[in-house]
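Colleague: Here you go, start33.cif (mmCIF, C-alpha atoms):
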```
data_entry
#
loop_
_atom_site.label_atom_id
_atom_site.label_comp_id
_atom_site.auth_asym_id
_atom_site.auth_seq_id
_atom_site.Cartn_x
_atom_site.Cartn_y
_atom_site.Cartn_z
CA MET M 1 73.17 -122.64 107.67
CA ILE M 2 72.80 -120.28 110.60
CA GLU M 3 75.44 -120.80 113.25
CA ALA M 4 75.96 -119.29 116.66
CA PHE M 5 77.68 -116.32 115.04
CA ALA M 6 74.49 -115.10 113.44
CA ASN M 7 75.42 -111.48 114.13
CA LEU M 8 77.80 -110.28 111.46
CA ALA M 9 79.50 -106.91 111.15
CA VAL M 10 80.85 -105.77 107.79
CA LEU M 11 83.34 -102.97 108.50
CA GLY M 12 83.90 -100.70 105.54
CA GLY M 13 80.62 -102.13 104.33
CA THR M 14 79.64 -98.98 102.46
CA GLY M 15 82.08 -99.99 99.70
CA LYS M 16 80.96 -102.17 96.83
CA GLU M 17 82.51 -105.43 98.07
CA GLY M 18 81.15 -105.00 101.60
CA LYS M 19 77.66 -104.19 100.36
CA GLY M 20 77.67 -107.21 98.06
CA LEU M 21 78.64 -109.54 100.91
CA ALA M 22 76.18 -107.96 103.36
CA PHE M 23 73.41 -108.41 100.79
CA ARG M 24 74.19 -112.12 100.37
CA TRP M 25 74.33 -112.83 104.11
CA ALA M 26 71.18 -110.86 104.90
CA LYS M 27 69.38 -112.89 102.22
CA ALA M 28 70.69 -116.07 103.91
CA GLY M 29 69.21 -115.04 107.28
CA TYR M 30 72.17 -113.48 109.07
CA LYS M 31 71.70 -110.32 111.07
CA VAL M 32 74.14 -107.91 109.44
CA THR M 33 75.44 -104.56 110.60
CA ILE M 34 77.31 -102.38 108.15
CA GLY M 35 80.06 -100.42 109.85
CA SER M 36 81.71 -97.24 108.59
CA ARG M 37 83.74 -94.35 109.95
CA ASP M 38 80.75 -92.29 108.83
CA ILE M 39 77.58 -93.50 110.56
CA GLU M 40 75.31 -91.66 108.10
CA LYS M 41 76.92 -93.49 105.16
CA ALA M 42 76.53 -96.79 107.01
CA ARG M 43 72.83 -96.12 107.55
CA ALA M 44 72.35 -95.12 103.93
CA ALA M 45 74.03 -98.32 102.72
CA ALA M 46 71.89 -100.40 105.09
CA SER M 47 68.75 -98.68 103.89
CA GLU M 48 69.72 -99.27 100.25
CA LEU M 49 70.16 -103.00 100.91
CA ASN M 50 66.93 -103.23 102.91
CA GLN M 51 65.05 -101.78 99.95
CA LEU M 52 66.56 -104.42 97.67
CA LEU M 53 65.79 -107.14 100.21
CA GLY M 54 62.23 -105.91 100.82
CA ARG M 55 62.77 -106.25 104.59
CA ASP M 56 64.72 -104.48 107.32
CA LEU M 57 67.53 -107.01 107.75
CA VAL M 58 70.58 -104.75 107.72
CA ASP M 59 71.65 -102.08 110.24
CA GLY M 60 74.19 -99.33 109.90
CA SER M 61 76.50 -98.00 112.61
CA ASP M 62 80.04 -96.83 113.32
CA ASN M 63 82.78 -99.45 112.99
CA LEU M 64 83.37 -99.87 116.73
CA SER M 65 79.70 -100.36 117.68
CA ALA M 66 79.27 -102.78 114.77
CA ALA M 67 82.29 -104.82 115.89
CA GLN M 68 81.19 -104.82 119.53
CA LYS M 69 77.80 -106.38 118.91
CA ALA M 70 78.92 -108.89 116.26
CA ASP M 71 79.92 -112.51 116.77
CA MET M 72 82.05 -112.45 113.63
CA VAL M 73 83.53 -109.39 111.94
CA VAL M 74 84.29 -108.97 108.24
CA LEU M 75 86.75 -106.27 107.13
CA THR M 76 86.35 -104.82 103.62
CA VAL M 77 88.32 -101.58 103.71
CA PRO M 78 91.04 -100.56 101.23
CA HIS M 79 94.53 -101.47 102.42
CA SER M 80 95.26 -97.80 103.10
CA ALA M 81 92.62 -97.86 105.90
CA HIS M 82 93.45 -101.39 107.13
CA LYS M 83 95.73 -100.59 110.06
CA ALA M 84 93.74 -97.61 111.40
CA THR M 85 90.45 -99.52 111.26
CA LEU M 86 91.95 -102.53 113.05
CA GLU M 87 93.36 -100.33 115.81
CA THR M 88 89.92 -98.77 116.32
CA VAL M 89 88.21 -102.13 116.82
CA LYS M 90 91.06 -104.16 118.35
CA ASN M 91 89.50 -104.54 121.79
CA ALA M 92 86.05 -105.38 120.41
CA LEU M 93 87.55 -108.20 118.29
CA GLN M 94 89.19 -110.16 121.12
CA GLY M 95 87.88 -113.72 121.23
CA LYS M 96 86.25 -113.38 117.81
CA ILE M 97 87.09 -114.25 114.21
CA LEU M 98 88.11 -111.48 111.83
CA VAL M 99 87.42 -112.26 108.18
CA ASP M 100 89.91 -110.09 106.32
CA VAL M 101 88.93 -109.29 102.72
CA THR M 102 91.70 -106.71 102.28
CA VAL M 103 93.99 -106.92 99.27
CA PRO M 104 97.27 -105.04 99.78
CA LEU M 105 97.37 -103.48 96.31
CA VAL M 106 99.94 -100.73 95.77
CA PRO M 107 98.59 -98.28 93.15
CA PRO M 108 99.32 -97.62 90.40
CA LYS M 109 101.00 -101.04 89.89
CA VAL M 110 98.00 -103.10 90.98
CA THR M 111 98.87 -105.91 88.56
CA LYS M 112 102.11 -106.60 90.45
CA VAL M 113 102.12 -108.55 93.73
CA GLN M 114 103.57 -106.27 96.43
CA MET M 115 103.02 -107.65 99.90
CA PRO M 116 103.58 -105.69 103.14
CA PRO M 117 106.56 -106.65 105.38
CA ALA M 118 104.36 -108.95 107.51
CA GLY M 119 103.89 -111.17 104.42
CA SER M 120 100.22 -110.40 103.72
CA ALA M 121 97.41 -108.18 104.99
CA ALA M 122 96.12 -111.09 107.10
CA GLN M 123 99.47 -111.51 108.85
CA GLU M 124 99.61 -107.75 109.34
CA ALA M 125 96.17 -107.90 110.98
CA ARG M 126 97.29 -110.72 113.23
CA GLU M 127 100.32 -108.66 114.33
CA ILE M 128 98.07 -105.70 115.17
CA LEU M 129 95.31 -107.70 116.90
CA GLY M 130 97.36 -110.29 118.80
CA GLU M 131 96.69 -113.95 119.40
CA GLY M 132 93.26 -113.36 120.93
CA VAL M 133 91.78 -112.85 117.46
CA GLU M 134 91.68 -115.49 114.75
CA VAL M 135 92.33 -113.87 111.37
CA VAL M 136 91.00 -115.58 108.24
CA ASP M 137 91.35 -114.46 104.59
CA ALA M 138 88.44 -114.89 102.17
CA PHE M 139 86.57 -113.23 99.27
CA GLN M 140 89.57 -111.32 97.85
CA SER M 141 88.77 -112.12 94.23
CA ILE M 142 84.97 -112.05 94.12
CA SER M 143 83.43 -109.19 92.19
CA TYR M 144 80.64 -107.00 93.52
CA GLU M 145 78.63 -107.58 90.35
CA HIS M 146 78.66 -111.31 90.92
CA LEU M 147 77.59 -110.89 94.53
CA MET M 148 74.76 -108.46 93.76
CA PHE M 149 73.50 -109.63 90.41
CA GLY M 150 74.80 -113.14 89.84
CA ASP M 151 73.05 -116.20 91.08
CA GLU M 152 75.80 -118.72 90.60
CA VAL M 153 79.17 -117.09 91.16
CA PRO M 154 81.71 -118.68 88.77
CA CYS M 155 84.58 -118.18 91.18
CA ASP M 156 85.65 -120.18 94.22
CA VAL M 157 86.78 -118.69 97.50
CA LEU M 158 90.11 -119.77 99.02
CA VAL M 159 90.11 -119.57 102.82
CA THR M 160 93.40 -119.29 104.73
CA GLY M 161 93.90 -118.30 108.35
CA SER M 162 95.33 -118.68 111.81
CA SER M 163 93.38 -121.77 112.95
CA LYS M 164 91.63 -124.62 111.28
CA GLU M 165 88.49 -124.22 113.38
CA ALA M 166 88.21 -120.58 112.34
CA ARG M 167 88.79 -121.46 108.67
CA LEU M 168 86.04 -124.06 108.71
CA ARG M 169 83.61 -121.58 110.26
CA VAL M 170 84.47 -119.12 107.52
CA VAL M 171 83.97 -121.80 104.85
CA THR M 172 80.45 -122.16 106.29
CA LEU M 173 79.99 -118.40 105.95
CA VAL M 174 81.21 -118.56 102.33
CA GLU M 175 78.67 -121.23 101.58
CA ALA M 176 75.91 -119.21 103.29
CA ALA M 177 76.68 -116.54 100.68
CA GLY M 178 76.07 -119.12 97.95
CA LEU M 179 79.72 -119.59 96.99
CA THR M 180 82.11 -122.53 97.08
CA GLY M 181 84.77 -122.16 99.76
CA TRP M 182 87.95 -124.20 100.31
CA ASP M 183 90.02 -124.50 103.45
CA ALA M 184 93.39 -123.68 101.88
CA GLY M 185 95.62 -123.83 104.92
CA PRO M 186 97.55 -121.69 107.39
CA ILE M 187 97.84 -117.91 107.49
CA GLU M 188 101.25 -118.10 105.76
CA ASN M 189 99.28 -119.16 102.66
CA SER M 190 97.42 -115.83 102.65
CA VAL M 191 100.09 -114.34 100.37
CA VAL M 192 98.71 -116.54 97.59
CA VAL M 193 95.06 -115.72 98.27
CA GLU M 194 95.72 -111.98 98.38
CA GLY M 195 98.34 -111.97 95.63
CA LEU M 196 96.07 -113.86 93.26
CA THR M 197 93.99 -110.68 92.94
CA SER M 198 96.87 -108.92 91.14
CA LEU M 199 97.24 -111.86 88.73
CA LEU M 200 93.51 -111.80 87.98
CA ILE M 201 93.56 -108.02 87.38
CA TYR M 202 96.52 -108.58 85.05
CA ILE M 203 94.67 -111.36 83.22
CA ASN M 204 91.60 -109.11 82.88
CA LYS M 205 93.76 -106.43 81.23
CA GLN M 206 95.58 -108.85 78.93
CA TYR M 207 92.58 -110.84 77.77
CA GLY M 208 89.93 -108.10 77.67
CA SER M 209 87.80 -109.48 80.47
CA THR M 210 86.43 -107.90 83.63
CA HIS M 211 85.68 -110.77 85.99
CA ALA M 212 88.50 -113.32 85.85
CA GLY M 213 88.26 -115.77 88.71
CA ILE M 214 89.41 -119.27 89.61
CA LYS M 215 87.78 -122.62 90.19
CA ILE M 216 89.39 -125.51 92.01
CA THR M 217 89.40 -128.62 89.80
CA GLY M 218 89.97 -132.30 90.50
CA VAL M 219 88.34 -132.32 93.95
CA HIS M 220 84.86 -133.28 95.00
CA LYS M 221 83.67 -131.80 98.27
CA ALA M 222 81.93 -134.28 100.56
CA MET Z 1 102.89 -124.67 66.84
CA ILE Z 2 106.61 -125.13 66.24
CA GLU Z 3 108.58 -121.96 66.80
CA ALA Z 4 112.21 -121.08 66.29
CA PHE Z 5 113.04 -122.58 69.68
CA ALA Z 6 112.29 -126.08 68.54
CA ASN Z 7 115.20 -127.44 70.54
CA LEU Z 8 114.17 -127.88 74.13
CA ALA Z 9 116.23 -129.06 77.09
CA VAL Z 10 114.50 -130.40 80.18
CA LEU Z 11 117.05 -130.26 83.01
CA GLY Z 12 116.28 -132.65 85.83
CA GLY Z 13 114.13 -134.38 83.25
CA THR Z 14 114.64 -137.82 84.78
CA GLY Z 15 112.11 -136.84 87.47
CA LYS Z 16 108.40 -137.45 86.97
CA GLU Z 17 107.43 -133.87 86.13
CA GLY Z 18 110.26 -133.45 83.64
CA LYS Z 19 109.50 -136.73 81.91
CA GLY Z 20 105.82 -135.84 81.63
CA LEU Z 21 106.62 -132.50 80.00
CA ALA Z 22 109.29 -133.99 77.70
CA PHE Z 23 106.75 -136.59 76.59
CA ARG Z 24 104.15 -133.96 75.70
CA TRP Z 25 106.58 -131.75 73.78
CA ALA Z 26 108.13 -134.64 71.87
CA LYS Z 27 104.61 -135.71 70.83
CA ALA Z 28 104.02 -132.13 69.63
CA GLY Z 29 107.11 -132.21 67.40
CA TYR Z 30 109.75 -130.52 69.51
CA LYS Z 31 113.27 -131.91 69.66
CA VAL Z 32 113.77 -132.60 73.34
CA THR Z 33 116.92 -133.36 75.30
CA ILE Z 34 116.60 -134.64 78.83
CA GLY Z 35 119.41 -133.38 81.03
CA SER Z 36 120.61 -134.87 84.29
CA ARG Z 37 123.68 -134.79 86.50
CA ASP Z 38 123.86 -138.49 85.65
CA ILE Z 39 124.11 -138.99 81.89
CA GLU Z 40 123.18 -142.68 82.14
CA LYS Z 41 119.93 -141.81 83.91
CA ALA Z 42 119.21 -139.16 81.29
CA ARG Z 43 119.71 -141.71 78.50
CA ALA Z 44 117.53 -144.26 80.27
CA ALA Z 45 114.71 -141.70 80.67
CA ALA Z 46 115.00 -140.70 77.00
CA SER Z 47 114.89 -144.32 75.95
CA GLU Z 48 111.81 -144.94 78.10
CA LEU Z 49 110.01 -142.03 76.47
CA ASN Z 50 111.07 -143.06 72.96
CA GLN Z 51 109.54 -146.48 73.56
CA LEU Z 52 106.25 -144.86 74.59
CA LEU Z 53 106.41 -142.53 71.61
CA GLY Z 54 107.33 -145.28 69.16
CA ARG Z 55 110.05 -143.08 67.67
CA ASP Z 56 113.46 -141.72 68.68
CA LEU Z 57 112.44 -138.15 69.49
CA VAL Z 58 114.14 -137.64 72.84
CA ASP Z 59 117.85 -137.51 73.68
CA GLY Z 60 119.59 -137.78 77.01
CA SER Z 61 122.71 -135.94 78.10
CA ASP Z 62 124.34 -134.10 80.99
CA ASN Z 63 122.68 -130.84 82.08
CA LEU Z 64 125.34 -128.56 80.60
CA SER Z 65 125.40 -130.15 77.13
CA ALA Z 66 121.60 -130.19 77.08
CA ALA Z 67 121.44 -126.48 77.96
CA GLN Z 68 124.14 -125.59 75.41
CA LYS Z 69 122.37 -127.04 72.41
CA ALA Z 70 118.83 -125.91 73.38
CA ASP Z 71 117.00 -122.75 72.31
CA MET Z 72 114.85 -122.85 75.41
CA VAL Z 73 115.63 -124.58 78.69
CA VAL Z 74 113.14 -126.00 81.18
CA LEU Z 75 114.24 -126.63 84.77
CA THR Z 76 112.43 -129.34 86.74
CA VAL Z 77 114.75 -130.09 89.65
CA PRO Z 78 113.76 -130.09 93.33
CA HIS Z 79 114.42 -126.78 95.05
CA SER Z 80 117.34 -128.32 96.93
CA ALA Z 81 119.20 -128.72 93.59
CA HIS Z 82 117.98 -125.42 92.07
CA LYS Z 83 120.94 -123.17 92.82
CA ALA Z 84 123.66 -125.72 92.01
CA THR Z 85 122.04 -126.68 88.70
CA LEU Z 86 121.64 -123.05 87.66
CA GLU Z 87 125.27 -122.30 88.44
CA THR Z 88 126.34 -125.25 86.28
CA VAL Z 89 124.43 -123.99 83.24
CA LYS Z 90 124.59 -120.23 83.80
CA ASN Z 91 126.83 -119.46 80.84
CA ALA Z 92 124.91 -121.74 78.49
CA LEU Z 93 121.65 -119.95 79.35
CA GLN Z 94 122.72 -116.42 78.40
CA GLY Z 95 120.40 -114.95 75.77
CA LYS Z 96 117.85 -117.73 76.27
CA ILE Z 97 114.62 -118.23 78.18
CA LEU Z 98 114.66 -120.39 81.30
CA VAL Z 99 111.29 -121.96 82.11
CA ASP Z 100 111.50 -122.57 85.86
CA VAL Z 101 109.14 -125.29 87.13
CA THR Z 102 110.72 -125.35 90.61
CA VAL Z 103 108.50 -125.08 93.67
CA PRO Z 104 110.40 -123.96 96.77
CA LEU Z 105 108.75 -126.43 99.15
CA VAL Z 106 110.34 -126.77 102.58
CA PRO Z 107 109.77 -130.33 103.87
CA PRO Z 108 108.14 -131.49 106.01
CA LYS Z 109 105.72 -128.52 105.99
CA VAL Z 110 104.97 -128.63 102.27
CA THR Z 111 101.40 -127.38 102.80
CA LYS Z 112 102.71 -124.04 104.09
CA VAL Z 113 103.99 -121.36 101.71
CA GLN Z 114 107.65 -120.68 102.58
CA MET Z 115 109.39 -118.60 99.94
CA PRO Z 116 113.16 -118.03 99.76
CA PRO Z 117 114.53 -114.53 100.56
CA ALA Z 118 114.48 -113.54 96.85
CA GLY Z 119 110.67 -113.83 96.96
CA SER Z 120 110.30 -116.95 94.82
CA ALA Z 121 112.40 -119.57 93.06
CA ALA Z 122 112.03 -117.62 89.80
CA GLN Z 123 113.42 -114.45 91.36
CA GLU Z 124 116.20 -116.51 92.92
CA ALA Z 125 117.04 -117.88 89.45
CA ARG Z 126 117.07 -114.39 88.01
CA GLU Z 127 119.50 -113.27 90.72
CA ILE Z 128 121.82 -116.19 89.95
CA LEU Z 129 121.61 -115.92 86.15
CA GLY Z 130 121.62 -112.14 85.68
CA GLU Z 131 119.67 -110.00 83.25
CA GLY Z 132 120.91 -111.87 80.18
CA VAL Z 133 118.45 -114.69 80.87
CA GLU Z 134 114.67 -114.29 80.88
CA VAL Z 135 113.17 -116.40 83.68
CA VAL Z 136 109.57 -117.56 83.35
CA ASP Z 137 107.53 -119.66 85.81
CA ALA Z 138 105.13 -122.31 84.52
CA PHE Z 139 103.78 -125.84 85.17
CA GLN Z 140 104.18 -125.76 88.99
CA SER Z 141 100.83 -127.39 89.70
CA ILE Z 142 100.44 -129.91 86.88
CA SER Z 143 100.63 -133.55 87.87
CA TYR Z 144 102.76 -136.11 86.10
CA GLU Z 145 99.78 -138.44 85.78
CA HIS Z 146 97.84 -135.81 83.86
CA LEU Z 147 100.78 -135.17 81.56
CA MET Z 148 101.49 -138.83 80.85
CA PHE Z 149 98.06 -140.40 80.93
CA GLY Z 150 95.50 -137.62 80.60
CA ASP Z 151 94.35 -136.25 77.32
CA GLU Z 152 92.64 -133.10 78.51
CA VAL Z 153 94.44 -131.75 81.56
CA PRO Z 154 91.83 -130.19 83.90
CA CYS Z 155 94.26 -127.60 85.21
CA ASP Z 156 95.41 -124.30 83.71
CA VAL Z 157 98.98 -123.06 83.71
CA LEU Z 158 99.76 -119.58 85.07
CA VAL Z 159 102.80 -118.02 83.40
CA THR Z 160 104.75 -115.25 85.15
CA GLY Z 161 108.20 -113.95 84.29
CA SER Z 162 110.73 -111.28 83.61
CA SER Z 163 109.48 -110.05 80.22
CA LYS Z 164 106.21 -110.11 78.39
CA GLU Z 165 107.78 -111.43 75.19
CA ALA Z 166 109.27 -114.37 77.08
CA ARG Z 167 105.95 -115.07 78.84
CA LEU Z 168 104.07 -115.16 75.55
CA ARG Z 169 106.60 -117.59 74.09
CA VAL Z 170 106.15 -119.82 77.11
CA VAL Z 171 102.35 -119.63 76.77
CA THR Z 172 102.89 -121.01 73.25
CA LEU Z 173 104.98 -123.81 74.74
CA VAL Z 174 102.22 -124.55 77.28
CA GLU Z 175 99.71 -124.82 74.49
CA ALA Z 176 102.02 -127.09 72.49
CA ALA Z 177 101.81 -129.44 75.47
CA GLY Z 178 98.01 -129.41 75.12
CA LEU Z 179 97.34 -127.23 78.15
CA THR Z 180 95.77 -123.81 78.63
CA GLY Z 181 98.30 -121.15 79.58
CA TRP Z 182 97.71 -117.61 80.85
CA ASP Z 183 100.13 -114.70 80.84
CA ALA Z 184 99.77 -113.76 84.52
CA GLY Z 185 102.22 -110.89 84.75
CA PRO Z 186 105.65 -109.90 86.02
CA ILE Z 187 108.16 -112.04 87.88
CA GLU Z 188 107.03 -110.53 91.20
CA ASN Z 189 103.80 -112.51 90.68
CA SER Z 190 105.72 -115.80 90.74
CA VAL Z 191 105.19 -116.05 94.51
CA VAL Z 192 101.53 -116.77 93.76
CA VAL Z 193 102.24 -119.30 91.02
CA GLU Z 194 104.77 -121.21 93.14
CA GLY Z 195 102.91 -120.76 96.43
CA LEU Z 196 99.68 -122.08 94.95
CA THR Z 197 101.26 -125.54 94.92
CA SER Z 198 101.28 -125.61 98.73
CA LEU Z 199 97.60 -124.60 98.83
CA LEU Z 200 96.71 -127.35 96.36
CA ILE Z 201 98.66 -129.97 98.36
CA TYR Z 202 96.80 -128.77 101.46
CA ILE Z 203 93.45 -129.02 99.65
CA ASN Z 204 94.34 -132.53 98.47
CA LYS Z 205 94.99 -133.57 102.07
CA GLN Z 206 91.85 -131.92 103.45
CA TYR Z 207 89.41 -133.09 100.81
CA GLY Z 208 90.81 -136.54 100.06
CA SER Z 209 91.89 -135.79 96.51
CA THR Z 210 95.19 -136.25 94.71
CA HIS Z 211 95.08 -133.88 91.76
CA ALA Z 212 93.63 -130.54 92.84
CA GLY Z 213 94.24 -127.86 90.23
CA ILE Z 214 92.81 -124.53 89.12
CA LYS Z 215 90.97 -123.19 86.11
CA ILE Z 216 90.67 -119.54 85.22
CA THR Z 217 87.00 -118.57 84.86
CA GLY Z 218 85.25 -115.58 83.34
CA VAL Z 219 87.73 -115.06 80.49
CA HIS Z 220 87.59 -116.19 76.89
CA LYS Z 221 90.92 -116.42 75.13
CA ALA Z 222 90.93 -114.93 71.65
#
```
Kindly present the structure from the file in structure tokens form.

Modeller:
Amino acid sequence: MIEAFANLAVLGGTGKEGKGLAFRWAKAGYKVTIGSRDIEKARAAASELNQLLGRDLVDGSDNLSAAQKADMVVLTVPHSAHKATLETVKNALQGKILVDVTVPLVPPKVTKVQMPPAGSAAQEAREILGEGVEVVDAFQSISYEHLMFGDEVPCDVLVTGSSKEARLRVVTLVEAAGLTGWDAGPIENSVVVEGLTSLLIYINKQYGSTHAGIKITGVHKA
Amino acid sequence: MIEAFANLAVLGGTGKEGKGLAFRWAKAGYKVTIGSRDIEKARAAASELNQLLGRDLVDGSDNLSAAQKADMVVLTVPHSAHKATLETVKNALQGKILVDVTVPLVPPKVTKVQMPPAGSAAQEAREILGEGVEVVDAFQSISYEHLMFGDEVPCDVLVTGSSKEARLRVVTLVEAAGLTGWDAGPIENSVVVEGLTSLLIYINKQYGSTHAGIKITGVHKA
């Protein structure tokens, strides 16, 4: 489903997760711009995806230009680059939705939940960006391999964020990527969505797996 | 599988969740004592379960006596009674495992994650009880109806807690109840296990369901 926000920016989109998401959305008909601090890397990632797609559907640019021309902005940087990237694009995000994919892992103890003082990366983003930007968490626990090479992704996406309207628009975006998304409530619930990643990494280590995920049971979506 | 801790106490076991768990474990061959502040209520709950079971497998007593004679103690009180109950049984718990089922919901906003200052109910319990008691979270998101009337429960149990040995013993207890349990890491991860309950209540309200749960995907248990 193509909505009004057909122009997507994926900041930090030269990383695996960002490329996987950009690939899915470009396939679904969205116009996607990969943003990076390094414009050459952004262009190379875009070109790599266009080759896979067989068409020129993805652009590359610096993070600020990508955010400026997008209707909706997706952030897929490591937590160490979260604050600096948000400050760079803060003005360009006003009035838009930020989809925050960041997981605040604290190496080397990535199997232990360790949230920042704000409560979660999403709440941190909201503090930095102010009330003019809706911040929505999604895609924290989806592996790159599933996005790039899987057809059916055996993992649901929990969507939490600062307004219900924004969450429902992001659920639409999740479904455009071929995944099942669930509106899972207010931004205070983002600690669970982000923290779940540490539990899944722990489960992978304990049970010898690589792609632990979750599915919601007992509910049928209308 | 019956282990050395075949004597279980379920404190607050006159509530729905506690009765459901006591019922499952009694069926599996554990000796179960239901504890309550009100010994008459505890005896009535035990008697109700014994009728369903067709045998006298469940006892009722006050919380302290139940905790004293048990090898492993399960706590299923509302968060408002959490601290007071733990203080009552603190001495009786030393050297044992406490399975904490408490979800720190803050009515009326039960769909919003609101953890206590310790980080979670489990961490709060650990602070009250001291290092002589292993505290393990489990069963937060399992409905009474599934426990009492379901055969296969379509919801997995995430197990977090203060030592790996204790978590693995609780995973055994989960499986004795006929459910799938996962060691999901250290006690700092309990915020996710407890917080998930608010997300599932939210999902129930949004999607018109009553028993939302989760399943771990992508992992095969040995």

Colleague: When distances are computed from all atoms listed in the file, which of Z:Pro117, Z:Pro154, Z:Gly181, Z:Gly13 shows the smallest separation from chain M?

Modeller: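 Looking only at the distances to chain M, the closest residue turns out to be Z:Pro154.
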
Colleague: What does the PyMOL selection byres ((chain M) within 6 of (chain Z)) select in this file, as a PDB file with C-alpha atoms, in the frame of the given file?

Modeller:
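Written output follows (selection-v2.pdb):
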```
ATOM      1  CA  VAL M 113     102.120-108.550  93.730  1.00  0.00           C
ATOM      2  CA  ALA M 184      93.390-123.680 101.880  1.00  0.00           C
ATOM      3  CA  GLU M 188     101.250-118.100 105.760  1.00  0.00           C
ATOM      4  CA  ASN M 189      99.280-119.160 102.660  1.00  0.00           C
ATOM      5  CA  VAL M 192      98.710-116.540  97.590  1.00  0.00           C
ATOM      6  CA  LEU M 199      97.240-111.860  88.730  1.00  0.00           C
ATOM      7  CA  ILE M 203      94.670-111.360  83.220  1.00  0.00           C
ATOM      8  CA  SER M 209      87.800-109.480  80.470  1.00  0.00           C
ATOM      9  CA  HIS M 211      85.680-110.770  85.990  1.00  0.00           C
ATOM     10  CA  ALA M 212      88.500-113.320  85.850  1.00  0.00           C
ATOM     11  CA  GLY M 213      88.260-115.770  88.710  1.00  0.00           C
ATOM     12  CA  ILE M 214      89.410-119.270  89.610  1.00  0.00           C
ATOM     13  CA  LYS M 215      87.780-122.620  90.190  1.00  0.00           C
ATOM     14  CA  ILE M 216      89.390-125.510  92.010  1.00  0.00           C
ATOM     15  CA  THR M 217      89.400-128.620  89.800  1.00  0.00           C
ATOM     16  CA  GLY M 218      89.970-132.300  90.500  1.00  0.00           C
ATOM     17  CA  VAL M 219      88.340-132.320  93.950  1.00  0.00           C
TER      18      VAL M 219
END
```

Colleague: Check the smallest atom-to-atom distance from each of M:Arg169, M:Arg126, M:Arg55, M:Lys109 to M:Ala138 using all atoms listed in the file, then report the winner.

Modeller: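 Ranked by minimum distance to M:Ala138, first place goes to M:Arg169.
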
Colleague: Given the choices M:Ile142, M:Met72, M:Leu168, M:Ala92, which gets closest to M:Ala6 if the distance is worked out from all atoms listed in the file?

Modeller: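 Of M:Ile142, M:Met72, M:Leu168, M:Ala92, the one nearest M:Ala6 is M:Met72, counting all atoms listed in the file.
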
Colleague: Any idea what the distance is between atom CA of M:Arg167 and atom CA of M:Thr102?

Modeller: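 Taking atom CA of M:Arg167 and atom CA of M:Thr102, their separation equals 16.3 Å.
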
Colleague: What gap, in Å, lies between atom CA of Z:Ser61 and atom CA of Z:Ser162?

Modeller: 28.0 Å

Colleague: Starting from the shown file, work through the PyMOL selection byres ((chain Z and resi 178) around 10) and note down what comes out as a PyMOL selection string.

Modeller: chain Z and resi 24-25+28+147+151-153+172-177+179-181

Colleague: Once you have the residues from the selection above, write them out as a PDB file, in the coordinates of the input, restricted to C-alpha atoms.

Modeller:
```pdb
ATOM      1  CA  ARG Z  24     104.150-133.960  75.700  1.00  0.00           C
ATOM      2  CA  TRP Z  25     106.580-131.750  73.780  1.00  0.00           C
ATOM      3  CA  ALA Z  28     104.020-132.130  69.630  1.00  0.00           C
ATOM      4  CA  LEU Z 147     100.780-135.170  81.560  1.00  0.00           C
ATOM      5  CA  ASP Z 151      94.350-136.250  77.320  1.00  0.00           C
ATOM      6  CA  GLU Z 152      92.640-133.100  78.510  1.00  0.00           C
ATOM      7  CA  VAL Z 153      94.440-131.750  81.560  1.00  0.00           C
ATOM      8  CA  THR Z 172     102.890-121.010  73.250  1.00  0.00           C
ATOM      9  CA  LEU Z 173     104.980-123.810  74.740  1.00  0.00           C
ATOM     10  CA  VAL Z 174     102.220-124.550  77.280  1.00  0.00           C
ATOM     11  CA  GLU Z 175      99.710-124.820  74.490  1.00  0.00           C
ATOM     12  CA  ALA Z 176     102.020-127.090  72.490  1.00  0.00           C
ATOM     13  CA  ALA Z 177     101.810-129.440  75.470  1.00  0.00           C
ATOM     14  CA  LEU Z 179      97.340-127.230  78.150  1.00  0.00           C
ATOM     15  CA  THR Z 180      95.770-123.810  78.630  1.00  0.00           C
ATOM     16  CA  GLY Z 181      98.300-121.150  79.580  1.00  0.00           C
TER      17      GLY Z 181
END
```

Colleague: Given the file shown, enumerate the residues that the PyMOL selection byres ((chain M and resi 39) around 12) captures and present them as JSON, numbers by chain.

Modeller: {"M": [11, 12, 13, 14, 33, 34, 35, 36, 37, 38, 40, 41, 42, 43, 44, 45, 46, 59, 60, 61, 62, 63, 64, 65, 66]}

Colleague: Compare M:Val58, M:Gln68, M:Gly132, M:Ala125 by their minimum atom-to-atom distance to M:Thr85, counting all atoms listed in the file, and give me the closest one.

Modeller: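 Closest residue, counting all atoms listed in the file: M:Ala125.
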